[in-house]
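**Student:** Please find data35.cif (mmCIF, C-alpha atoms) on the next line:
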```cif
data_input
loop_
_atom_site.label_atom_id
_atom_site.label_comp_id
_atom_site.auth_asym_id
_atom_site.auth_seq_id
_atom_site.Cartn_x
_atom_site.Cartn_y
_atom_site.Cartn_z
CA MET A 1 -6.99 14.80 14.57
CA LYS A 2 -4.46 16.11 17.01
CA GLU A 3 -1.81 13.38 16.55
CA LEU A 4 -1.75 13.85 12.76
CA GLU A 5 -1.67 17.66 12.91
CA GLU A 6 1.21 17.54 15.38
CA ARG A 7 3.14 15.17 13.18
CA ILE A 8 2.59 17.32 10.09
CA ALA A 9 3.68 20.41 12.02
CA ARG A 10 6.83 18.62 13.17
CA ASP A 11 7.84 16.56 10.13
CA GLY A 12 5.97 17.94 7.12
CA GLN A 13 8.02 19.97 4.66
CA VAL A 14 6.60 22.60 2.32
CA LEU A 15 8.46 22.24 -0.98
CA GLY A 16 6.78 25.05 -2.89
CA ASP A 17 4.21 24.74 -5.72
CA GLY A 18 1.71 23.61 -3.10
CA ILE A 19 3.60 20.40 -2.43
CA LEU A 20 3.63 19.16 1.16
CA LYS A 21 6.21 16.45 1.70
CA VAL A 22 5.09 13.89 4.25
CA ASP A 23 7.43 11.14 3.05
CA SER A 24 8.71 10.41 6.54
CA PHE A 25 5.37 9.16 7.89
CA VAL A 26 2.84 8.72 5.05
CA ASN A 27 4.27 8.42 1.55
CA HIS A 28 7.60 6.59 1.45
CA GLN A 29 8.25 5.79 5.06
CA VAL A 30 4.97 4.99 6.82
CA ASP A 31 4.31 5.34 10.54
CA ALA A 32 2.24 2.19 10.96
CA GLY A 33 0.97 3.15 14.41
CA LEU A 34 -0.15 6.59 13.25
CA MET A 35 -1.88 5.06 10.22
CA ASP A 36 -3.69 2.70 12.56
CA LEU A 37 -4.91 5.64 14.67
CA CYS A 38 -6.08 7.41 11.51
CA GLY A 39 -7.91 4.30 10.32
CA LYS A 40 -9.58 4.00 13.70
CA GLU A 41 -10.69 7.63 13.52
CA PHE A 42 -12.11 7.21 9.98
CA ALA A 43 -13.91 4.08 11.16
CA ARG A 44 -15.45 6.08 14.02
CA ARG A 45 -16.53 8.96 11.79
CA PHE A 46 -17.97 6.75 9.05
CA ALA A 47 -19.34 3.95 11.23
CA LYS A 48 -22.99 4.64 10.44
CA LEU A 49 -22.82 4.83 6.64
CA GLY A 50 -23.29 1.12 6.08
CA ALA A 51 -20.27 0.95 3.77
CA THR A 52 -19.52 -2.45 2.24
CA LYS A 53 -16.10 -1.63 0.81
CA VAL A 54 -13.23 0.83 1.17
CA LEU A 55 -11.90 2.20 -2.11
CA THR A 56 -8.60 4.00 -2.68
CA ALA A 57 -5.97 4.56 -5.35
CA GLU A 58 -2.50 3.09 -5.34
CA ILE A 59 0.01 3.89 -4.00
CA SER A 60 -0.16 6.22 -1.06
CA GLY A 61 -3.83 5.70 -0.33
CA ILE A 62 -3.25 2.04 0.52
CA ALA A 63 -1.98 2.48 4.09
CA PRO A 64 -4.84 4.62 5.46
CA ALA A 65 -7.43 2.65 3.46
CA LEU A 66 -6.11 -0.62 4.86
CA THR A 67 -6.27 0.50 8.48
CA THR A 68 -9.75 1.95 7.90
CA GLY A 69 -10.87 -1.35 6.39
CA LEU A 70 -9.36 -3.16 9.34
CA HIS A 71 -11.30 -1.10 11.88
CA LEU A 72 -14.56 -1.28 9.91
CA GLY A 73 -14.16 -4.97 9.08
CA LEU A 74 -14.38 -4.25 5.34
CA PRO A 75 -12.37 -5.32 2.29
CA VAL A 76 -10.24 -2.67 0.61
CA VAL A 77 -9.92 -2.18 -3.14
CA TYR A 78 -7.16 -0.05 -4.57
CA ALA A 79 -7.47 1.26 -8.10
CA ARG A 80 -4.40 0.29 -10.14
CA LYS A 81 -2.50 2.83 -12.24
CA SER A 82 -1.42 0.21 -14.75
CA LYS A 83 -3.20 -2.96 -15.72
CA PRO A 84 -1.50 -6.08 -14.36
CA ILE A 85 -1.60 -9.29 -16.37
CA THR A 86 -3.90 -10.82 -13.78
CA MET A 87 -6.69 -8.36 -14.65
CA PRO A 88 -9.40 -9.24 -17.18
CA ASP A 89 -9.63 -7.35 -20.48
CA GLN A 90 -12.83 -5.56 -19.56
CA VAL A 91 -12.18 -3.05 -16.79
CA TYR A 92 -13.44 0.23 -15.39
CA LEU A 93 -10.93 2.89 -16.35
CA THR A 94 -10.78 6.64 -15.94
CA LEU A 95 -8.12 9.33 -16.12
CA ALA A 96 -7.15 11.72 -13.35
CA PRO A 97 -4.40 14.33 -13.16
CA SER A 98 -1.57 13.50 -10.75
CA HIS A 99 -0.31 16.49 -8.83
CA THR A 100 2.99 14.91 -7.85
CA LYS A 101 3.61 13.33 -11.26
CA GLY A 102 2.56 16.34 -13.33
CA ARG A 103 0.58 14.26 -15.84
CA MET A 104 -2.63 12.30 -16.27
CA VAL A 105 -2.67 8.84 -14.76
CA GLU A 106 -5.07 5.96 -15.34
CA LEU A 107 -7.20 4.60 -12.51
CA ILE A 108 -8.33 1.05 -13.22
CA ILE A 109 -10.62 -1.30 -11.30
CA SER A 110 -11.56 -4.83 -12.21
CA PRO A 111 -15.34 -5.43 -12.34
CA GLU A 112 -14.61 -8.53 -10.24
CA TYR A 113 -14.16 -6.40 -7.11
CA LEU A 114 -16.64 -3.58 -7.43
CA ALA A 115 -20.21 -4.68 -7.88
CA ASN A 116 -23.59 -3.16 -8.51
CA GLY A 117 -25.20 -2.13 -5.23
CA GLU A 118 -22.04 -1.83 -3.14
CA ARG A 119 -21.69 1.08 -0.71
CA VAL A 120 -18.24 2.55 -1.14
CA LEU A 121 -16.20 4.60 1.31
CA ILE A 122 -13.37 6.42 -0.50
CA ILE A 123 -10.18 6.96 1.54
CA ASP A 124 -7.04 8.70 0.28
CA ASP A 125 -3.95 10.36 1.69
CA PHE A 126 -4.61 13.85 0.30
CA LEU A 127 -7.67 15.88 -0.59
CA ALA A 128 -6.18 18.61 -2.79
CA SER A 129 -8.03 19.46 -6.04
CA GLY A 130 -10.29 16.46 -5.52
CA ALA A 131 -9.43 15.08 -8.97
CA THR A 132 -8.31 11.62 -7.82
CA ILE A 133 -11.32 11.22 -5.56
CA LEU A 134 -13.68 12.33 -8.35
CA GLY A 135 -11.99 9.74 -10.57
CA LEU A 136 -12.61 7.02 -7.98
CA ALA A 137 -16.24 8.17 -7.67
CA ARG A 138 -16.65 7.85 -11.47
CA LEU A 139 -15.32 4.29 -11.32
CA ALA A 140 -17.73 3.43 -8.51
CA GLN A 141 -20.64 4.92 -10.42
CA ALA A 142 -19.63 3.02 -13.57
CA ALA A 143 -19.83 -0.17 -11.52
CA GLY A 144 -23.28 0.73 -10.22
CA ALA A 145 -21.93 1.21 -6.71
CA LYS A 146 -22.91 4.08 -4.44
CA VAL A 147 -20.24 6.27 -2.86
CA VAL A 148 -21.32 6.96 0.73
CA GLY A 149 -18.42 9.01 2.09
CA VAL A 150 -14.98 10.43 1.45
CA GLY A 151 -12.09 10.59 3.91
CA ALA A 152 -8.62 12.08 3.46
CA LEU A 153 -5.75 12.20 5.90
CA ILE A 154 -4.71 15.69 4.84
CA GLU A 155 -6.87 18.34 3.20
CA LYS A 156 -5.29 21.30 1.46
CA ILE A 157 -8.24 23.64 1.85
CA PHE A 158 -6.75 26.22 -0.51
CA GLU A 159 -6.84 23.80 -3.46
CA GLY A 160 -10.64 23.66 -3.43
CA GLY A 161 -11.21 19.91 -3.39
CA ARG A 162 -14.11 20.10 -0.97
CA GLU A 163 -15.93 22.46 -3.34
CA ALA A 164 -15.20 20.14 -6.28
CA LEU A 165 -16.75 17.23 -4.36
CA ARG A 166 -19.85 19.15 -3.26
CA PRO A 167 -22.01 18.04 -6.24
CA LEU A 168 -21.66 14.45 -4.98
CA GLY A 169 -23.59 15.43 -1.84
CA LEU A 170 -21.45 13.26 0.44
CA PRO A 171 -19.94 13.52 3.91
CA VAL A 172 -16.30 14.55 3.44
CA GLU A 173 -13.93 14.19 6.38
CA SER A 174 -10.27 15.11 6.66
CA LEU A 175 -8.12 14.41 9.70
CA ALA A 176 -5.88 17.45 9.22
CA ALA A 177 -6.96 20.48 7.20
CA ILE A 178 -4.36 22.99 6.07
CA SER A 179 -5.58 26.47 5.24
CA SER A 180 -2.26 27.93 4.14
CA MET A 181 1.35 26.98 3.43
CA ASP A 182 2.50 30.47 2.44
CA GLU A 183 6.20 31.11 2.92
CA GLY A 184 6.64 27.50 4.04
CA LYS A 185 4.51 27.94 7.15
CA ILE A 186 1.81 25.30 7.69
CA VAL A 187 -1.40 26.78 9.11
CA PHE A 188 -4.23 24.47 10.12
CA GLY A 189 -7.87 25.49 9.54
CA ASP A 190 -11.27 23.87 9.96
CA MET B 1 -0.37 -20.31 8.16
CA LYS B 2 -3.61 -22.17 7.97
CA GLU B 3 -5.90 -19.17 7.31
CA LEU B 4 -3.79 -18.01 4.36
CA GLU B 5 -3.42 -21.47 2.83
CA GLU B 6 -7.16 -22.03 3.07
CA ARG B 7 -7.86 -18.70 1.40
CA ILE B 8 -5.40 -19.43 -1.42
CA ALA B 9 -6.94 -22.86 -1.93
CA ARG B 10 -10.41 -21.30 -2.09
CA ASP B 11 -9.83 -18.04 -3.98
CA GLY B 12 -6.42 -18.29 -5.69
CA GLN B 13 -6.47 -18.80 -9.44
CA VAL B 14 -3.67 -20.39 -11.42
CA LEU B 15 -3.40 -18.44 -14.68
CA GLY B 16 -0.58 -20.38 -16.30
CA ASP B 17 3.05 -19.28 -16.79
CA GLY B 18 3.51 -19.69 -13.05
CA ILE B 19 1.14 -16.82 -12.27
CA LEU B 20 -1.03 -17.21 -9.18
CA LYS B 21 -3.80 -14.65 -9.10
CA VAL B 22 -4.65 -13.56 -5.56
CA ASP B 23 -6.28 -10.28 -6.59
CA SER B 24 -9.37 -10.91 -4.49
CA PHE B 25 -7.55 -10.80 -1.14
CA VAL B 26 -3.95 -9.56 -1.59
CA ASN B 27 -3.23 -7.63 -4.77
CA HIS B 28 -6.15 -5.50 -5.92
CA GLN B 29 -8.79 -6.19 -3.36
CA VAL B 30 -7.19 -6.67 0.06
CA ASP B 31 -8.68 -8.62 2.95
CA ALA B 32 -7.63 -6.24 5.72
CA GLY B 33 -8.37 -8.73 8.52
CA LEU B 34 -6.36 -11.48 6.85
CA MET B 35 -3.45 -9.07 6.28
CA ASP B 36 -3.58 -8.18 9.96
CA LEU B 37 -3.36 -11.86 10.92
CA CYS B 38 -0.41 -12.30 8.56
CA GLY B 39 1.34 -9.24 10.02
CA LYS B 40 0.80 -10.61 13.51
CA GLU B 41 2.31 -13.95 12.47
CA PHE B 42 5.37 -12.29 10.89
CA ALA B 43 5.77 -10.22 14.05
CA ARG B 44 5.71 -13.41 16.12
CA ARG B 45 8.23 -15.21 13.91
CA PHE B 46 10.63 -12.27 13.67
CA ALA B 47 10.17 -10.85 17.17
CA LYS B 48 13.69 -11.64 18.34
CA LEU B 49 15.68 -10.20 15.42
CA GLY B 50 15.89 -6.69 16.83
CA ALA B 51 14.66 -5.17 13.56
CA THR B 52 14.44 -1.38 13.48
CA LYS B 53 12.55 -1.03 10.20
CA VAL B 54 10.32 -3.02 7.84
CA LEU B 55 11.23 -2.70 4.17
CA THR B 56 9.08 -3.64 1.18
CA ALA B 57 8.47 -2.66 -2.43
CA GLU B 58 5.43 -0.88 -3.74
CA ILE B 59 2.73 -1.84 -4.50
CA SER B 60 1.56 -5.18 -3.28
CA GLY B 61 4.10 -5.49 -0.48
CA ILE B 62 2.64 -2.49 1.32
CA ALA B 63 -0.31 -4.20 2.99
CA PRO B 64 1.57 -7.09 4.68
CA ALA B 65 4.54 -4.82 5.51
CA LEU B 66 2.22 -2.29 7.15
CA THR B 67 0.50 -4.83 9.37
CA THR B 68 3.88 -6.36 10.27
CA GLY B 69 5.18 -2.92 11.20
CA LEU B 70 2.06 -2.33 13.23
CA HIS B 71 2.53 -5.50 15.28
CA LEU B 72 6.28 -4.96 15.74
CA GLY B 73 5.90 -1.24 16.47
CA LEU B 74 8.26 -0.35 13.60
CA PRO B 75 8.15 2.15 10.75
CA VAL B 76 7.70 0.75 7.24
CA VAL B 77 9.59 1.94 4.16
CA TYR B 78 8.40 1.00 0.70
CA ALA B 79 10.80 1.26 -2.20
CA ARG B 80 9.29 3.38 -4.97
CA LYS B 81 9.23 2.24 -8.59
CA SER B 82 9.39 5.78 -9.91
CA LYS B 83 10.97 8.80 -8.29
CA PRO B 84 8.38 11.25 -6.94
CA ILE B 85 9.15 14.97 -6.99
CA THR B 86 9.39 14.95 -3.22
CA MET B 87 12.50 12.73 -3.32
CA PRO B 88 16.01 14.21 -3.26
CA ASP B 89 18.29 13.86 -6.31
CA GLN B 90 20.65 11.43 -4.61
CA VAL B 91 18.91 8.12 -4.03
CA TYR B 92 19.61 4.41 -3.69
CA LEU B 93 18.44 2.76 -6.89
CA THR B 94 18.60 -0.76 -8.25
CA LEU B 95 16.87 -2.73 -10.99
CA ALA B 96 14.87 -5.90 -10.53
CA PRO B 97 12.85 -7.96 -13.00
CA SER B 98 9.09 -7.83 -12.49
CA HIS B 99 7.41 -11.17 -13.07
CA THR B 100 3.93 -9.71 -13.54
CA LYS B 101 5.10 -6.77 -15.66
CA GLY B 102 7.52 -8.77 -17.83
CA ARG B 103 10.25 -6.10 -17.67
CA MET B 104 12.86 -4.59 -15.38
CA VAL B 105 11.58 -2.11 -12.82
CA GLU B 106 13.48 0.37 -10.70
CA LEU B 107 13.48 0.12 -6.90
CA ILE B 108 14.32 3.46 -5.31
CA ILE B 109 14.80 4.46 -1.68
CA SER B 110 15.62 7.87 -0.34
CA PRO B 111 18.69 7.95 1.92
CA GLU B 112 16.53 9.96 4.32
CA TYR B 113 14.71 6.83 5.44
CA LEU B 114 17.32 4.08 5.40
CA ALA B 115 20.35 4.77 7.52
CA ASN B 116 23.66 3.20 8.29
CA GLY B 117 23.30 0.69 11.13
CA GLU B 118 19.61 -0.02 10.75
CA ARG B 119 18.35 -3.59 11.08
CA VAL B 120 15.95 -4.27 8.25
CA LEU B 121 13.20 -6.86 8.02
CA ILE B 122 12.12 -7.35 4.38
CA ILE B 123 8.45 -8.27 3.86
CA ASP B 124 6.80 -8.88 0.49
CA ASP B 125 3.71 -10.55 -0.92
CA PHE B 126 5.49 -13.20 -3.01
CA LEU B 127 8.77 -15.05 -2.82
CA ALA B 128 9.14 -16.39 -6.36
CA SER B 129 12.56 -16.06 -8.02
CA GLY B 130 13.71 -13.86 -5.14
CA ALA B 131 14.75 -11.08 -7.52
CA THR B 132 12.73 -8.29 -5.86
CA ILE B 133 13.90 -9.29 -2.40
CA LEU B 134 17.53 -9.44 -3.57
CA GLY B 135 17.02 -5.95 -5.01
CA LEU B 136 15.72 -4.68 -1.66
CA ALA B 137 18.69 -6.32 0.08
CA ARG B 138 21.09 -4.51 -2.29
CA LEU B 139 19.45 -1.20 -1.42
CA ALA B 140 19.74 -1.93 2.29
CA GLN B 141 23.39 -2.85 1.91
CA ALA B 142 24.07 0.30 -0.12
CA ALA B 143 22.65 2.29 2.79
CA GLY B 144 24.89 0.47 5.27
CA ALA B 145 21.89 -1.25 6.84
CA LYS B 146 21.83 -4.91 7.81
CA VAL B 147 19.05 -7.17 6.57
CA VAL B 148 18.04 -9.44 9.44
CA GLY B 149 15.18 -11.45 7.97
CA VAL B 150 12.89 -12.00 5.00
CA GLY B 151 9.18 -12.77 5.10
CA ALA B 152 6.79 -13.45 2.23
CA LEU B 153 3.09 -14.19 2.33
CA ILE B 154 3.31 -16.76 -0.45
CA GLU B 155 6.33 -18.73 -1.55
CA LYS B 156 6.41 -20.46 -4.91
CA ILE B 157 8.94 -23.12 -3.97
CA PHE B 158 9.37 -24.26 -7.57
CA GLU B 159 10.76 -20.87 -8.63
CA GLY B 160 13.83 -21.25 -6.45
CA GLY B 161 13.76 -17.98 -4.53
CA ARG B 162 14.83 -19.57 -1.26
CA GLU B 163 17.96 -20.93 -2.95
CA ALA B 164 18.67 -17.53 -4.49
CA LEU B 165 18.49 -15.92 -1.04
CA ARG B 166 20.68 -18.53 0.68
CA PRO B 167 23.95 -16.59 0.19
CA LEU B 168 22.48 -13.84 2.39
CA GLY B 169 22.44 -16.29 5.32
CA LEU B 170 19.14 -15.01 6.68
CA PRO B 171 16.01 -16.48 8.23
CA VAL B 172 13.43 -16.71 5.44
CA GLU B 173 9.80 -17.29 6.39
CA SER B 174 6.77 -17.74 4.17
CA LEU B 175 3.22 -18.09 5.46
CA ALA B 176 2.06 -20.31 2.61
CA ALA B 177 4.48 -22.33 0.49
CA ILE B 178 3.31 -23.76 -2.81
CA SER B 179 5.24 -26.71 -4.21
CA SER B 180 3.33 -27.12 -7.44
CA MET B 181 0.62 -25.49 -9.56
CA ASP B 182 0.69 -28.05 -12.37
CA GLU B 183 -2.54 -28.33 -14.35
CA GLY B 184 -3.98 -25.50 -12.26
CA LYS B 185 -3.92 -27.48 -9.04
CA ILE B 186 -2.36 -25.70 -6.04
CA VAL B 187 -0.30 -28.05 -3.86
CA PHE B 188 1.17 -26.77 -0.59
CA GLY B 189 4.61 -27.94 0.57
CA ASP B 190 6.96 -27.15 3.44
#
```
Show me the file's structure as structure tokens.

**Tutor:**
Amino acid sequence: MKELEERIARDGQVLGDGILKVDSFVNHQVDAGLMDLCGKEFARRFAKLGATKVLTAEISGIAPALTTGLHLGLPVVYARKSKPITMPDQVYLTLAPSHTKGRMVELIISPEYLANGERVLIIDDFLASGATILGLARLAQAAGAKVVGVGALIEKIFEGGREALRPLGLPVESLAAISSMDEGKIVFGD
Amino acid sequence: MKELEERIARDGQVLGDGILKVDSFVNHQVDAGLMDLCGKEFARRFAKLGATKVLTAEISGIAPALTTGLHLGLPVVYARKSKPITMPDQVYLTLAPSHTKGRMVELIISPEYLANGERVLIIDDFLASGATILGLARLAQAAGAKVVGVGALIEKIFEGGREALRPLGLPVESLAAISSMDEGKIVFGD
């Protein structure tokens, strides 16, 4: 998506170790209008999947998942990384490595909000190794729900996430795909 | 706001210890359409304050802050509760007690996204004791920004947050104000 690529080219910062800092419009400060455009574009691309729910992981997936849910008219569930006191004792829980935290994190969903037979569209900010998205897919499967598509704002092609997701046999869409960040230069690919 | 009060009356659960569970439409599963309505209503009520930025705290403030930012055409900043590797070493940091976690949590904002002279509208999911909102106001003040208003989806009047915020001398708006949850019965007040 042109608007997102242009913003990444202008305001994204390559920090080394494969980290792309987009804190000025996605991850700490959020450009609400841009997120709305991204949600609208996801809604367009995934309109025909018959999704019944949008699923993401806290924290930075919430903004694009919310705008996608808004444009599709669907509720959004975000997997928690720690169990709040309002959650029942029995939960769906899996572990996924966090790239930016450098450790494993828990992904937890209450069975109250993910039911057998639901059709789940997974939306996240980044598709890097695919580990978080695979974790969300495991939670959906544990609940008896069917994942019908995966969307990420930004794909880091060189981290192989799309390959990792291939066994799921799903449509995978990213709105900006980066093929290289060598020497701090962001190159977009397909 | 009628739509929010009706939803709380229908789907909110009083868990005891002053905890109102709204996980089915605000905190774990999010009703995107309802959040959009709430953001529109905040935008209407705060339209004349000349705000330049919406400020909230992760995690559950993100959804209403995002839709408010969308309707006001403003960027949204969410204070982080742990410092990601993309954040510089020098940050604004304060501590605030978390009601649902039962301990103090850090609220951290990068100086990159909160500047001297900004006019900040604070939006959060709950106004209970006011501690989180006071923490956000301290961060804004540390940055030399001026807080111009405070909005919360749900106010628990009996926890005294409005009184705690009074010294700030700000307009405080809640979209649903609960005066009592005794014996599990939710009573709305003014």

**Student:** For the PyMOL selection byres ((chain A) within 9 of (chain B)), applied here, can you spell out every residue it catches as a VMD selection string?

**Tutor:** chain A and resid 15 19 to 25 27 to 33 35 to 36 58 to 59 62 to 63 66 to 71 73 to 80 84 to 87 100 to 101 109 to 110 112 to 113

**Student:** If you count only C-alpha atoms, which residues fall within 7 Å of range 150-154 of chain A, apart from same-chain ones fewer than 3 positions away, as a list in words?

**Tutor:**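 With the cut-off at 7 Å, the set is Phe42, Leu121, Ile122, Ile123, Asp124, Asp125, Phe126, Leu127, Pro171, Val172, Glu173, Ser174, Leu175, Ala176 and Ala177 of chain A.
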
**Student:** As an exercise, work out the distance from CA of Ile186 in chain A to CA of Phe158 in chain A in Å and give it to one decimal place.

**Tutor:**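 Between CA of Ile186 in chain A and CA of Phe158 in chain A the gap is 11.9 Å.
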
**Student:** Written as a CSV table (one decimal) with C-alpha atoms, in the coordinates of the input, what is the full residue list that the PyMOL selection byres ((chain A and resi 44-51) around 7) yields on the file shown?

**Tutor:**
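The resulting file, out.csv, is shown below:
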```
chain,number,residue,atom,x,y,z
A,40,LYS,CA,-9.6,4.0,13.7
A,41,GLU,CA,-10.7,7.6,13.5
A,42,PHE,CA,-12.1,7.2,10.0
A,43,ALA,CA,-13.9,4.1,11.2
A,52,THR,CA,-19.5,-2.4,2.2
A,53,LYS,CA,-16.1,-1.6,0.8
A,119,ARG,CA,-21.7,1.1,-0.7
A,120,VAL,CA,-18.2,2.6,-1.1
A,121,LEU,CA,-16.2,4.6,1.3
A,148,VAL,CA,-21.3,7.0,0.7
```

**Student:** Any idea what's packed within 12 Å of Pro167 in chain B, counting all atoms listed in the file, ignoring anything in its chain fewer than 5 positions away? Could you give it as a list in words?

**Tutor:** Gly130, Leu134, Ala137, Gly161, Arg162 and Val172 of chain B

**Student:** Those residues with C-alpha atoms, as a compact mmCIF listing (two decimals), in the coordinates of the input please?

**Tutor:**
```
# COMPACT_ATOMS: atom_id res chain seq x y z
CA GLY B 130 13.71 -13.86 -5.14
CA LEU B 134 17.53 -9.44 -3.57
CA ALA B 137 18.69 -6.32 0.08
CA GLY B 161 13.76 -17.98 -4.53
CA ARG B 162 14.83 -19.57 -1.26
CA VAL B 172 13.43 -16.71 5.44
```

**Student:** Could you tell me how far CA of Ser129 in chain B sits from CA of Arg166 in chain B, in Å to one decimal place?

**Tutor:**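 Taking CA of Arg166 in chain B as the start and CA of Ser129 in chain B as the end point, the length is 12.2 Å.
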
**Student:** Given the point (-2.6, -25.7, 1.4) in the coordinates of this file, which residues lie within 9 Å, counting only C-alpha atoms, and how would they look as number ranges by chain?

**Tutor:** B: 1-2, 4-9, 176-178, 186-189

**Student:** Can you write out the residues you just picked, keeping C-alpha atoms, as an mmCIF file, in the frame of the given file?

**Tutor:**
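Written out: result31.cif:
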```
data_model
loop_
_atom_site.group_PDB
_atom_site.id
_atom_site.type_symbol
_atom_site.label_atom_id
_atom_site.label_comp_id
_atom_site.auth_asym_id
_atom_site.auth_seq_id
_atom_site.Cartn_x
_atom_site.Cartn_y
_atom_site.Cartn_z
ATOM 1 C CA MET B 1 -0.370 -20.310 8.160
ATOM 2 C CA LYS B 2 -3.610 -22.170 7.970
ATOM 3 C CA LEU B 4 -3.790 -18.010 4.360
ATOM 4 C CA GLU B 5 -3.420 -21.470 2.830
ATOM 5 C CA GLU B 6 -7.160 -22.030 3.070
ATOM 6 C CA ARG B 7 -7.860 -18.700 1.400
ATOM 7 C CA ILE B 8 -5.400 -19.430 -1.420
ATOM 8 C CA ALA B 9 -6.940 -22.860 -1.930
ATOM 9 C CA ALA B 176 2.060 -20.310 2.610
ATOM 10 C CA ALA B 177 4.480 -22.330 0.490
ATOM 11 C CA ILE B 178 3.310 -23.760 -2.810
ATOM 12 C CA ILE B 186 -2.360 -25.700 -6.040
ATOM 13 C CA VAL B 187 -0.300 -28.050 -3.860
ATOM 14 C CA PHE B 188 1.170 -26.770 -0.590
ATOM 15 C CA GLY B 189 4.610 -27.940 0.570
#
```

**Student:** In Å to one decimal, how far is CA of Glu3 in chain B from CA of Leu165 in chain B?

**Tutor:** 26.0 Å

**Student:** Just need the box for range 161-171 of chain A, edges along x, y and z, holding every atom the file lists for it with 4 Å tacked onto each side, so centre and edge lengths in Å to one decimal, as JSON.

**Tutor:**
```
{"center_x": -17.4, "center_y": 17.9, "center_z": -1.2, "size_x": 20.4, "size_y": 17.2, "size_z": 18.2}
```

**Student:** Would you mind telling me which residue in B:Glu163, B:Ala96, B:Thr56, B:Pro64 lies nearest to Val147 in chain B when using all atoms listed in the file?

**Tutor:**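 Of B:Glu163, B:Ala96, B:Thr56, B:Pro64, the one nearest Val147 in chain B is B:Thr56, counting all atoms listed in the file.
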
**Student:** Could you give me, as a PDB file with C-alpha atoms, keeping the file's coordinate frame, the residues within 7 Å of Ala145 in chain A, counting all atoms listed in the file and dropping anything in the same chain fewer than 5 positions from it?

**Tutor:**
```pdb
ATOM      1  CA  ALA A 115     -20.210  -4.680  -7.880  1.00  0.00           C
ATOM      2  CA  ASN A 116     -23.590  -3.160  -8.510  1.00  0.00           C
ATOM      3  CA  GLY A 117     -25.200  -2.130  -5.230  1.00  0.00           C
ATOM      4  CA  GLU A 118     -22.040  -1.830  -3.140  1.00  0.00           C
ATOM      5  CA  ARG A 119     -21.690   1.080  -0.710  1.00  0.00           C
ATOM      6  CA  VAL A 120     -18.240   2.550  -1.140  1.00  0.00           C
ATOM      7  CA  ALA A 140     -17.730   3.430  -8.510  1.00  0.00           C
TER       8      ALA A 140
END
```

**Student:** Show me a table, sorted first by chain and then by increasing residue number, of the residues of range 105-169 of chain B having an atom at most 6 Å from range 89-95 of chain B, each with its shortest atom pair and the distance in Å to one decimal, counting all atoms listed in the file and written as CSV.

**Tutor:**
```
residue,atom,partner,partner_atom,distance
B:Val105,CA,B:Leu95,CA,5.6
B:Glu106,CA,B:Leu95,CA,4.6
B:Leu107,CA,B:Thr94,CA,5.4
B:Ile108,CA,B:Leu93,CA,4.5
B:Ile109,CA,B:Tyr92,CA,5.2
B:Ser110,CA,B:Val91,CA,5.0
B:Pro111,CA,B:Val91,CA,6.0
```
